[in-house]
Amino acid sequence: MIIPERMSVYINSLDTGNGTFLDMLEQSALADHVPIIRKDMQSFLKVLLALRQPRRILEVGTAVGFSALLMAQNTAPDCLITTIENYEKRIGPARENFAKAGMEERITLLYGDALTILPTLKENYDFVFMDAAKGQYIHFLPEILRLLSPGGVLVSDNVLQDGNIVESHFAVEQRDRTIYKRMREYLYTLKHTDGLLTSIVAVGDGAAVTVKTG
């Protein structure tokens, strides 16, 4: 846990939910062990969207579409969302959820490897939500920064890896060391690149909020 469990339970107890459809989708995803953003991250994301008021959003990592729908629900009706998913079995359920929520006109789902798809995108985005394979964040970053508008916001989820990010390399299980190394490189890059302003916050499993200032 990034924050004490009692504190997390208390914070989540204050949550007012996201409406009937999204609340049901969240419960269904959790029951099926599909990863979706945690409740405190949901609240944080909604506040960031209210502050930035984006018109074009890019998401890397769709899963069953929960976060894309959450962003659509908390932005203006003319805000368009492009989301990328590489796991074939989730494409059908995600598209079905978009249709059920009446958001299929606002959300475009692209199936395939983000490393292949990102270079083909031409439009600029004023908000990017990164929630895909954690070991790939550093590889996605150059294209993400190319696509991010000046003044745009990049939100990277799950960057603290349940606290493992602060452990010694030798304390991390060998199977997780590549992800650990790449995430530390990713966070260092976000904090030390000219033209980027980044805050790393202990919400959910850790989030990095980056503004493209240059």
# chains A, B, ... in the order shown; residues from 1 in each chain; ligands from 1
$ residues_around --residues "Leu14 in chain A" --least-positions-apart "4" --cutoff "12 Å" --atoms "only C-alpha atoms" --output "list in words"
Met7, Ser8, Val9, Tyr10, Lys39, Asp40 and Ser43 of chain A
$ write_last_selection --atoms "N, CA and C atoms" --output "tab-separated table (two decimals), in the first residue's frame"
chain	number	residue	atom	x	y	z
A	7	MET	N	-6.39	4.72	6.03
A	7	MET	CA	-6.59	6.00	5.37
A	7	MET	C	-7.25	5.80	4.01
A	8	SER	N	-6.79	4.79	3.28
A	8	SER	CA	-7.37	4.51	1.96
A	8	SER	C	-8.84	4.14	2.08
A	9	VAL	N	-9.18	3.31	3.05
A	9	VAL	CA	-10.57	2.91	3.25
A	9	VAL	C	-11.43	4.12	3.58
A	10	TYR	N	-10.90	5.01	4.43
A	10	TYR	CA	-11.66	6.21	4.79
A	10	TYR	C	-11.89	7.10	3.57
A	39	LYS	N	-10.25	3.68	-6.94
A	39	LYS	CA	-11.24	4.72	-6.64
A	39	LYS	C	-10.60	6.08	-6.39
A	40	ASP	N	-9.50	6.12	-5.62
A	40	ASP	CA	-8.88	7.42	-5.36
A	40	ASP	C	-8.28	8.01	-6.63
A	43	SER	N	-11.15	9.68	-8.63
A	43	SER	CA	-11.46	11.03	-8.13
A	43	SER	C	-10.41	12.02	-8.58
$ select_by_dssp --residues "range 81-213 of chain A" --states "strand (DSSP E or B)" --output "PyMOL selection string"
chain A and resi 81-85+107-111+125-130+148-157+196-201+207-212
$ write_last_selection --atoms "N, CA and C atoms" --output "CSV table (one decimal), in the first residue's frame"
chain,number,residue,atom,x,y,z
A,81,ILE,N,-12.2,11.2,-27.6
A,81,ILE,CA,-11.2,10.3,-27.0
A,81,ILE,C,-10.7,9.2,-27.9
A,82,THR,N,-9.4,9.1,-28.0
A,82,THR,CA,-8.8,8.0,-28.8
A,82,THR,C,-8.1,7.1,-27.8
A,83,THR,N,-8.4,5.8,-27.8
A,83,THR,CA,-7.9,4.8,-26.8
A,83,THR,C,-7.3,3.6,-27.5
A,84,ILE,N,-6.1,3.2,-27.0
A,84,ILE,CA,-5.4,2.1,-27.7
A,84,ILE,C,-5.3,0.9,-26.8
A,85,GLU,N,-5.6,-0.3,-27.3
A,85,GLU,CA,-5.6,-1.6,-26.6
A,85,GLU,C,-5.0,-2.7,-27.4
A,107,ILE,N,-15.7,8.1,-28.6
A,107,ILE,CA,-14.6,7.3,-28.2
A,107,ILE,C,-14.2,6.4,-29.4
A,108,THR,N,-12.9,6.6,-29.9
A,108,THR,CA,-12.4,5.7,-31.0
A,108,THR,C,-11.4,4.7,-30.4
A,109,LEU,N,-11.7,3.5,-30.6
A,109,LEU,CA,-10.8,2.4,-30.1
A,109,LEU,C,-9.9,1.9,-31.2
A,110,LEU,N,-8.6,1.9,-30.9
A,110,LEU,CA,-7.6,1.4,-31.9
A,110,LEU,C,-7.0,0.1,-31.3
A,111,TYR,N,-7.1,-1.0,-32.1
A,111,TYR,CA,-6.6,-2.2,-31.6
A,111,TYR,C,-5.2,-2.5,-32.2
A,125,TYR,N,-3.0,16.2,-28.9
A,125,TYR,CA,-3.9,15.9,-27.8
A,125,TYR,C,-3.6,16.8,-26.6
A,126,ASP,N,-4.6,17.3,-25.9
A,126,ASP,CA,-4.3,18.2,-24.8
A,126,ASP,C,-4.4,17.4,-23.5
A,127,PHE,N,-4.7,16.1,-23.5
A,127,PHE,CA,-4.7,15.3,-22.3
A,127,PHE,C,-4.3,13.9,-22.7
A,128,VAL,N,-3.4,13.3,-22.0
A,128,VAL,CA,-3.0,11.9,-22.3
A,128,VAL,C,-3.1,11.1,-21.0
A,129,PHE,N,-3.7,10.0,-21.0
A,129,PHE,CA,-3.8,9.1,-19.9
A,129,PHE,C,-3.0,7.8,-20.2
A,130,MET,N,-2.0,7.5,-19.5
A,130,MET,CA,-1.1,6.3,-19.7
A,130,MET,C,-1.4,5.3,-18.7
A,148,LEU,N,1.5,15.4,-27.7
A,148,LEU,CA,1.0,16.2,-26.6
A,148,LEU,C,1.1,17.7,-27.0
A,149,SER,N,0.0,18.4,-26.9
A,149,SER,CA,0.0,19.9,-27.2
A,149,SER,C,0.8,20.7,-26.2
A,150,PRO,N,1.3,21.8,-26.5
A,150,PRO,CA,1.9,22.7,-25.5
A,150,PRO,C,0.8,23.0,-24.5
A,151,GLY,N,1.2,22.9,-23.2
A,151,GLY,CA,0.2,23.1,-22.1
A,151,GLY,C,-0.6,21.9,-21.8
A,152,GLY,N,-0.4,20.8,-22.6
A,152,GLY,CA,-1.1,19.6,-22.4
A,152,GLY,C,-0.6,18.8,-21.2
A,153,VAL,N,-1.5,17.9,-20.7
A,153,VAL,CA,-1.2,17.2,-19.5
A,153,VAL,C,-1.1,15.7,-19.8
A,154,LEU,N,0.0,15.1,-19.2
A,154,LEU,CA,0.1,13.6,-19.3
A,154,LEU,C,0.0,13.1,-17.9
A,155,VAL,N,-0.9,12.1,-17.7
A,155,VAL,CA,-1.1,11.4,-16.5
A,155,VAL,C,-0.7,10.0,-16.6
A,156,SER,N,0.3,9.6,-15.9
A,156,SER,CA,0.8,8.2,-16.0
A,156,SER,C,0.5,7.5,-14.7
A,157,ASP,N,-0.3,6.4,-14.8
A,157,ASP,CA,-0.8,5.7,-13.7
A,157,ASP,C,0.1,4.5,-13.3
A,196,LEU,N,9.3,20.0,-19.5
A,196,LEU,CA,8.3,19.2,-18.8
A,196,LEU,C,8.3,19.5,-17.3
A,197,LEU,N,7.1,19.6,-16.7
A,197,LEU,CA,7.0,19.9,-15.3
A,197,LEU,C,6.2,18.7,-14.7
A,198,THR,N,6.8,18.0,-13.8
A,198,THR,CA,6.1,16.7,-13.3
A,198,THR,C,6.1,16.7,-11.8
A,199,SER,N,4.9,16.3,-11.3
A,199,SER,CA,4.7,16.0,-9.9
A,199,SER,C,4.3,14.5,-9.8
A,200,ILE,N,5.0,13.8,-8.9
A,200,ILE,CA,4.7,12.4,-8.6
A,200,ILE,C,3.9,12.3,-7.3
A,201,VAL,N,2.7,11.8,-7.4
A,201,VAL,CA,1.8,11.8,-6.2
A,201,VAL,C,1.4,10.4,-5.8
A,207,ALA,N,0.9,8.1,-9.2
A,207,ALA,CA,0.6,8.8,-10.5
A,207,ALA,C,1.6,9.9,-10.7
A,208,ALA,N,2.1,10.0,-12.0
A,208,ALA,CA,2.9,11.1,-12.4
A,208,ALA,C,2.1,12.1,-13.2
A,209,VAL,N,2.0,13.3,-12.8
A,209,VAL,CA,1.3,14.3,-13.6
A,209,VAL,C,2.3,15.3,-14.2
A,210,THR,N,2.3,15.3,-15.6
A,210,THR,CA,3.3,16.1,-16.3
A,210,THR,C,2.6,17.1,-17.2
A,211,VAL,N,3.1,18.3,-17.1
A,211,VAL,CA,2.6,19.4,-18.0
A,211,VAL,C,3.7,19.7,-19.0
A,212,LYS,N,3.4,19.7,-20.3
A,212,LYS,CA,4.3,20.1,-21.3
A,212,LYS,C,4.4,21.6,-21.4
$ select_by_dssp --residues "range 59-203 of chain A" --states "helix (DSSP H, G or I)" --output "JSON, numbers by chain"
{"A": [66, 67, 68, 69, 70, 71, 72, 73, 88, 89, 90, 91, 92, 93, 94, 95, 96, 97, 98, 99, 100, 114, 115, 116, 117, 118, 119, 120, 134, 135, 136, 137, 138, 139, 140, 141, 142, 143, 144, 145, 146, 147, 161, 162, 163, 164, 165, 166, 169, 170, 171, 174, 175, 176, 177, 178, 179, 180, 181, 182, 183, 184, 185, 186, 187, 188, 189, 190, 191, 192]}
$ closest_residue --among "A:Gly135, A:Ala68, A:Thr116, A:Ala202" --to "Arg177 in chain A" --atoms "only C-alpha atoms"
A:Gly135
$ atom_distance --atom1 "CA of Ala133 in chain A" --atom2 "CA of Gly112 in chain A"
13.0 Å
$ residues_around --residues "Gly204 in chain A" --least-positions-apart "5" --cutoff "8 Å" --atoms "only C-alpha atoms" --output "JSON, numbers by chain"
{"A": [2, 37, 38, 39, 40, 41, 158]}
$ write_last_selection --atoms "C-alpha atoms" --output "PDB file, in the first residue's frame"
ATOM      1  CA  ILE A   2       1.283   3.472  -0.918  1.00  0.00           C
ATOM      2  CA  ILE A  37      -8.107   2.504 -12.057  1.00  0.00           C
ATOM      3  CA  ARG A  38      -8.568   2.605  -8.293  1.00  0.00           C
ATOM      4  CA  LYS A  39     -11.237   4.716  -6.635  1.00  0.00           C
ATOM      5  CA  ASP A  40      -8.884   7.418  -5.360  1.00  0.00           C
ATOM      6  CA  MET A  41      -7.307   7.612  -8.815  1.00  0.00           C
ATOM      7  CA  ASN A 158       0.712   2.957 -11.443  1.00  0.00           C
TER       8      ASN A 158
END
$ atom_distance --atom1 "CA of Pro4 in chain A" --atom2 "CA of Val203 in chain A"
11.5 Å
$ closest_atom_pairs --of "range 59-84 of chain A" --to "range 16-22 of chain A" --cutoff "12 Å" --atoms "only C-alpha atoms" --output "Markdown table"
| residue | atom | partner | partner_atom | distance |
| --- | --- | --- | --- | --- |
| A:Val64 | CA | A:Leu22 | CA | 11.1 |
| A:Gly65 | CA | A:Leu22 | CA | 9.8 |
| A:Phe66 | CA | A:Leu22 | CA | 7.0 |
| A:Ser67 | CA | A:Leu22 | CA | 9.3 |
| A:Ala68 | CA | A:Leu22 | CA | 10.7 |
| A:Leu69 | CA | A:Leu22 | CA | 7.7 |
| A:Leu70 | CA | A:Leu22 | CA | 7.5 |
| A:Met71 | CA | A:Asn18 | CA | 10.7 |
| A:Ala72 | CA | A:Leu22 | CA | 11.4 |
| A:Gln73 | CA | A:Asn18 | CA | 8.6 |
| A:Asn74 | CA | A:Asn18 | CA | 9.5 |
$ write_last_selection --atoms "N, CA, C and O atoms" --output "PDB file, in the first residue's frame"
ATOM      1  N   VAL A  64     -11.424  -2.772 -20.450  1.00  0.00           N
ATOM      2  CA  VAL A  64     -12.829  -2.906 -20.854  1.00  0.00           C
ATOM      3  C   VAL A  64     -13.501  -1.551 -21.068  1.00  0.00           C
ATOM      4  O   VAL A  64     -14.711  -1.458 -21.209  1.00  0.00           O
ATOM      5  N   GLY A  65     -12.705  -0.482 -21.056  1.00  0.00           N
ATOM      6  CA  GLY A  65     -13.242   0.833 -21.386  1.00  0.00           C
ATOM      7  C   GLY A  65     -13.675   1.676 -20.212  1.00  0.00           C
ATOM      8  O   GLY A  65     -14.222   2.770 -20.413  1.00  0.00           O
ATOM      9  N   PHE A  66     -13.413   1.230 -18.992  1.00  0.00           N
ATOM     10  CA  PHE A  66     -13.901   1.971 -17.828  1.00  0.00           C
ATOM     11  C   PHE A  66     -13.333   3.390 -17.772  1.00  0.00           C
ATOM     12  O   PHE A  66     -14.071   4.374 -17.625  1.00  0.00           O
ATOM     13  N   SER A  67     -12.012   3.522 -17.863  1.00  0.00           N
ATOM     14  CA  SER A  67     -11.411   4.842 -17.710  1.00  0.00           C
ATOM     15  C   SER A  67     -11.756   5.763 -18.878  1.00  0.00           C
ATOM     16  O   SER A  67     -11.943   6.973 -18.689  1.00  0.00           O
ATOM     17  N   ALA A  68     -11.865   5.208 -20.092  1.00  0.00           N
ATOM     18  CA  ALA A  68     -12.273   6.034 -21.233  1.00  0.00           C
ATOM     19  C   ALA A  68     -13.682   6.586 -21.013  1.00  0.00           C
ATOM     20  O   ALA A  68     -13.956   7.759 -21.285  1.00  0.00           O
ATOM     21  N   LEU A  69     -14.570   5.744 -20.512  1.00  0.00           N
ATOM     22  CA  LEU A  69     -15.936   6.190 -20.234  1.00  0.00           C
ATOM     23  C   LEU A  69     -15.967   7.196 -19.088  1.00  0.00           C
ATOM     24  O   LEU A  69     -16.741   8.157 -19.117  1.00  0.00           O
ATOM     25  N   LEU A  70     -15.138   6.982 -18.076  1.00  0.00           N
ATOM     26  CA  LEU A  70     -15.063   7.933 -16.971  1.00  0.00           C
ATOM     27  C   LEU A  70     -14.622   9.301 -17.484  1.00  0.00           C
ATOM     28  O   LEU A  70     -15.183  10.333 -17.093  1.00  0.00           O
ATOM     29  N   MET A  71     -13.637   9.306 -18.387  1.00  0.00           N
ATOM     30  CA  MET A  71     -13.160  10.577 -18.938  1.00  0.00           C
ATOM     31  C   MET A  71     -14.214  11.218 -19.834  1.00  0.00           C
ATOM     32  O   MET A  71     -14.410  12.439 -19.796  1.00  0.00           O
ATOM     33  N   ALA A  72     -14.907  10.398 -20.608  1.00  0.00           N
ATOM     34  CA  ALA A  72     -15.968  10.940 -21.464  1.00  0.00           C
ATOM     35  C   ALA A  72     -17.084  11.551 -20.625  1.00  0.00           C
ATOM     36  O   ALA A  72     -17.628  12.615 -20.951  1.00  0.00           O
ATOM     37  N   GLN A  73     -17.412  10.888 -19.533  1.00  0.00           N
ATOM     38  CA  GLN A  73     -18.495  11.342 -18.663  1.00  0.00           C
ATOM     39  C   GLN A  73     -18.145  12.637 -17.944  1.00  0.00           C
ATOM     40  O   GLN A  73     -19.039  13.397 -17.553  1.00  0.00           O
ATOM     41  N   ASN A  74     -16.843  12.902 -17.803  1.00  0.00           N
ATOM     42  CA  ASN A  74     -16.411  14.067 -17.038  1.00  0.00           C
ATOM     43  C   ASN A  74     -15.722  15.125 -17.901  1.00  0.00           C
ATOM     44  O   ASN A  74     -14.910  15.905 -17.410  1.00  0.00           O
TER      45      ASN A  74
END
$ atom_distance --atom1 "CA of Thr120 in chain A" --atom2 "CA of Ala132 in chain A"
18.3 Å
$ closest_residue --among "A:Leu141, A:Pro77, A:Arg95, A:Ser28" --to "Thr189 in chain A" --atoms "only C-alpha atoms"
A:Leu141
$ decode --residues "range 66-90 of chain A" --atoms "N, CA, C and O atoms" --output "PDB file, in the first residue's frame"
ATOM      1  N   PHE A  66     -13.413   1.230 -18.992  1.00  0.00           N
ATOM      2  CA  PHE A  66     -13.901   1.971 -17.828  1.00  0.00           C
ATOM      3  C   PHE A  66     -13.333   3.390 -17.772  1.00  0.00           C
ATOM      4  O   PHE A  66     -14.071   4.374 -17.625  1.00  0.00           O
ATOM      5  N   SER A  67     -12.012   3.522 -17.863  1.00  0.00           N
ATOM      6  CA  SER A  67     -11.411   4.842 -17.710  1.00  0.00           C
ATOM      7  C   SER A  67     -11.756   5.763 -18.878  1.00  0.00           C
ATOM      8  O   SER A  67     -11.943   6.973 -18.689  1.00  0.00           O
ATOM      9  N   ALA A  68     -11.865   5.208 -20.092  1.00  0.00           N
ATOM     10  CA  ALA A  68     -12.273   6.034 -21.233  1.00  0.00           C
ATOM     11  C   ALA A  68     -13.682   6.586 -21.013  1.00  0.00           C
ATOM     12  O   ALA A  68     -13.956   7.759 -21.285  1.00  0.00           O
ATOM     13  N   LEU A  69     -14.570   5.744 -20.512  1.00  0.00           N
ATOM     14  CA  LEU A  69     -15.936   6.190 -20.234  1.00  0.00           C
ATOM     15  C   LEU A  69     -15.967   7.196 -19.088  1.00  0.00           C
ATOM     16  O   LEU A  69     -16.741   8.157 -19.117  1.00  0.00           O
ATOM     17  N   LEU A  70     -15.138   6.982 -18.076  1.00  0.00           N
ATOM     18  CA  LEU A  70     -15.063   7.933 -16.971  1.00  0.00           C
ATOM     19  C   LEU A  70     -14.622   9.301 -17.484  1.00  0.00           C
ATOM     20  O   LEU A  70     -15.183  10.333 -17.093  1.00  0.00           O
ATOM     21  N   MET A  71     -13.637   9.306 -18.387  1.00  0.00           N
ATOM     22  CA  MET A  71     -13.160  10.577 -18.938  1.00  0.00           C
ATOM     23  C   MET A  71     -14.214  11.218 -19.834  1.00  0.00           C
ATOM     24  O   MET A  71     -14.410  12.439 -19.796  1.00  0.00           O
ATOM     25  N   ALA A  72     -14.907  10.398 -20.608  1.00  0.00           N
ATOM     26  CA  ALA A  72     -15.968  10.940 -21.464  1.00  0.00           C
ATOM     27  C   ALA A  72     -17.084  11.551 -20.625  1.00  0.00           C
ATOM     28  O   ALA A  72     -17.628  12.615 -20.951  1.00  0.00           O
ATOM     29  N   GLN A  73     -17.412  10.888 -19.533  1.00  0.00           N
ATOM     30  CA  GLN A  73     -18.495  11.342 -18.663  1.00  0.00           C
ATOM     31  C   GLN A  73     -18.145  12.637 -17.944  1.00  0.00           C
ATOM     32  O   GLN A  73     -19.039  13.397 -17.553  1.00  0.00           O
ATOM     33  N   ASN A  74     -16.843  12.902 -17.803  1.00  0.00           N
ATOM     34  CA  ASN A  74     -16.411  14.067 -17.038  1.00  0.00           C
ATOM     35  C   ASN A  74     -15.722  15.125 -17.901  1.00  0.00           C
ATOM     36  O   ASN A  74     -14.910  15.905 -17.410  1.00  0.00           O
ATOM     37  N   THR A  75     -16.086  15.155 -19.183  1.00  0.00           N
ATOM     38  CA  THR A  75     -15.604  16.186 -20.094  1.00  0.00           C
ATOM     39  C   THR A  75     -16.787  16.706 -20.911  1.00  0.00           C
ATOM     40  O   THR A  75     -17.883  16.146 -20.873  1.00  0.00           O
ATOM     41  N   ALA A  76     -16.546  17.761 -21.665  1.00  0.00           N
ATOM     42  CA  ALA A  76     -17.602  18.367 -22.468  1.00  0.00           C
ATOM     43  C   ALA A  76     -18.060  17.425 -23.571  1.00  0.00           C
ATOM     44  O   ALA A  76     -17.295  16.552 -24.013  1.00  0.00           O
ATOM     45  N   PRO A  77     -19.288  17.575 -24.063  1.00  0.00           N
ATOM     46  CA  PRO A  77     -19.818  16.679 -25.100  1.00  0.00           C
ATOM     47  C   PRO A  77     -19.011  16.685 -26.396  1.00  0.00           C
ATOM     48  O   PRO A  77     -19.082  15.730 -27.167  1.00  0.00           O
ATOM     49  N   ASP A  78     -18.229  17.741 -26.630  1.00  0.00           N
ATOM     50  CA  ASP A  78     -17.438  17.784 -27.862  1.00  0.00           C
ATOM     51  C   ASP A  78     -16.016  17.262 -27.663  1.00  0.00           C
ATOM     52  O   ASP A  78     -15.196  17.329 -28.583  1.00  0.00           O
ATOM     53  N   CYS A  79     -15.713  16.743 -26.491  1.00  0.00           N
ATOM     54  CA  CYS A  79     -14.402  16.150 -26.237  1.00  0.00           C
ATOM     55  C   CYS A  79     -14.333  14.766 -26.868  1.00  0.00           C
ATOM     56  O   CYS A  79     -15.191  13.915 -26.612  1.00  0.00           O
ATOM     57  N   LEU A  80     -13.314  14.537 -27.687  1.00  0.00           N
ATOM     58  CA  LEU A  80     -13.137  13.253 -28.370  1.00  0.00           C
ATOM     59  C   LEU A  80     -11.980  12.485 -27.743  1.00  0.00           C
ATOM     60  O   LEU A  80     -10.947  13.067 -27.403  1.00  0.00           O
ATOM     61  N   ILE A  81     -12.163  11.174 -27.627  1.00  0.00           N
ATOM     62  CA  ILE A  81     -11.173  10.318 -26.968  1.00  0.00           C
ATOM     63  C   ILE A  81     -10.713   9.233 -27.927  1.00  0.00           C
ATOM     64  O   ILE A  81     -11.530   8.557 -28.553  1.00  0.00           O
ATOM     65  N   THR A  82      -9.396   9.076 -28.038  1.00  0.00           N
ATOM     66  CA  THR A  82      -8.803   7.957 -28.775  1.00  0.00           C
ATOM     67  C   THR A  82      -8.125   7.058 -27.761  1.00  0.00           C
ATOM     68  O   THR A  82      -7.321   7.531 -26.939  1.00  0.00           O
ATOM     69  N   THR A  83      -8.448   5.770 -27.791  1.00  0.00           N
ATOM     70  CA  THR A  83      -7.876   4.836 -26.828  1.00  0.00           C
ATOM     71  C   THR A  83      -7.283   3.632 -27.543  1.00  0.00           C
ATOM     72  O   THR A  83      -7.829   3.163 -28.542  1.00  0.00           O
ATOM     73  N   ILE A  84      -6.147   3.155 -27.046  1.00  0.00           N
ATOM     74  CA  ILE A  84      -5.398   2.078 -27.688  1.00  0.00           C
ATOM     75  C   ILE A  84      -5.342   0.867 -26.766  1.00  0.00           C
ATOM     76  O   ILE A  84      -5.012   0.986 -25.584  1.00  0.00           O
ATOM     77  N   GLU A  85      -5.648  -0.314 -27.327  1.00  0.00           N
ATOM     78  CA  GLU A  85      -5.602  -1.561 -26.553  1.00  0.00           C
ATOM     79  C   GLU A  85      -4.956  -2.664 -27.385  1.00  0.00           C
ATOM     80  O   GLU A  85      -5.276  -2.829 -28.559  1.00  0.00           O
ATOM     81  N   ASN A  86      -4.081  -3.427 -26.738  1.00  0.00           N
ATOM     82  CA  ASN A  86      -3.322  -4.464 -27.443  1.00  0.00           C
ATOM     83  C   ASN A  86      -3.806  -5.874 -27.135  1.00  0.00           C
ATOM     84  O   ASN A  86      -3.311  -6.839 -27.726  1.00  0.00           O
ATOM     85  N   TYR A  87      -4.766  -6.012 -26.210  1.00  0.00           N
ATOM     86  CA  TYR A  87      -5.232  -7.347 -25.802  1.00  0.00           C
ATOM     87  C   TYR A  87      -6.549  -7.632 -26.509  1.00  0.00           C
ATOM     88  O   TYR A  87      -7.582  -7.064 -26.190  1.00  0.00           O
ATOM     89  N   GLU A  88      -6.504  -8.538 -27.460  1.00  0.00           N
ATOM     90  CA  GLU A  88      -7.639  -8.769 -28.357  1.00  0.00           C
ATOM     91  C   GLU A  88      -8.924  -9.100 -27.609  1.00  0.00           C
ATOM     92  O   GLU A  88     -10.015  -8.659 -27.990  1.00  0.00           O
ATOM     93  N   LYS A  89      -8.835  -9.886 -26.532  1.00  0.00           N
ATOM     94  CA  LYS A  89     -10.028 -10.329 -25.833  1.00  0.00           C
ATOM     95  C   LYS A  89     -10.794  -9.176 -25.171  1.00  0.00           C
ATOM     96  O   LYS A  89     -11.956  -9.345 -24.805  1.00  0.00           O
ATOM     97  N   ARG A  90     -10.155  -8.027 -25.023  1.00  0.00           N
ATOM     98  CA  ARG A  90     -10.827  -6.896 -24.375  1.00  0.00           C
ATOM     99  C   ARG A  90     -11.448  -5.934 -25.375  1.00  0.00           C
ATOM    100  O   ARG A  90     -12.179  -5.021 -24.982  1.00  0.00           O
TER     101      ARG A  90
END
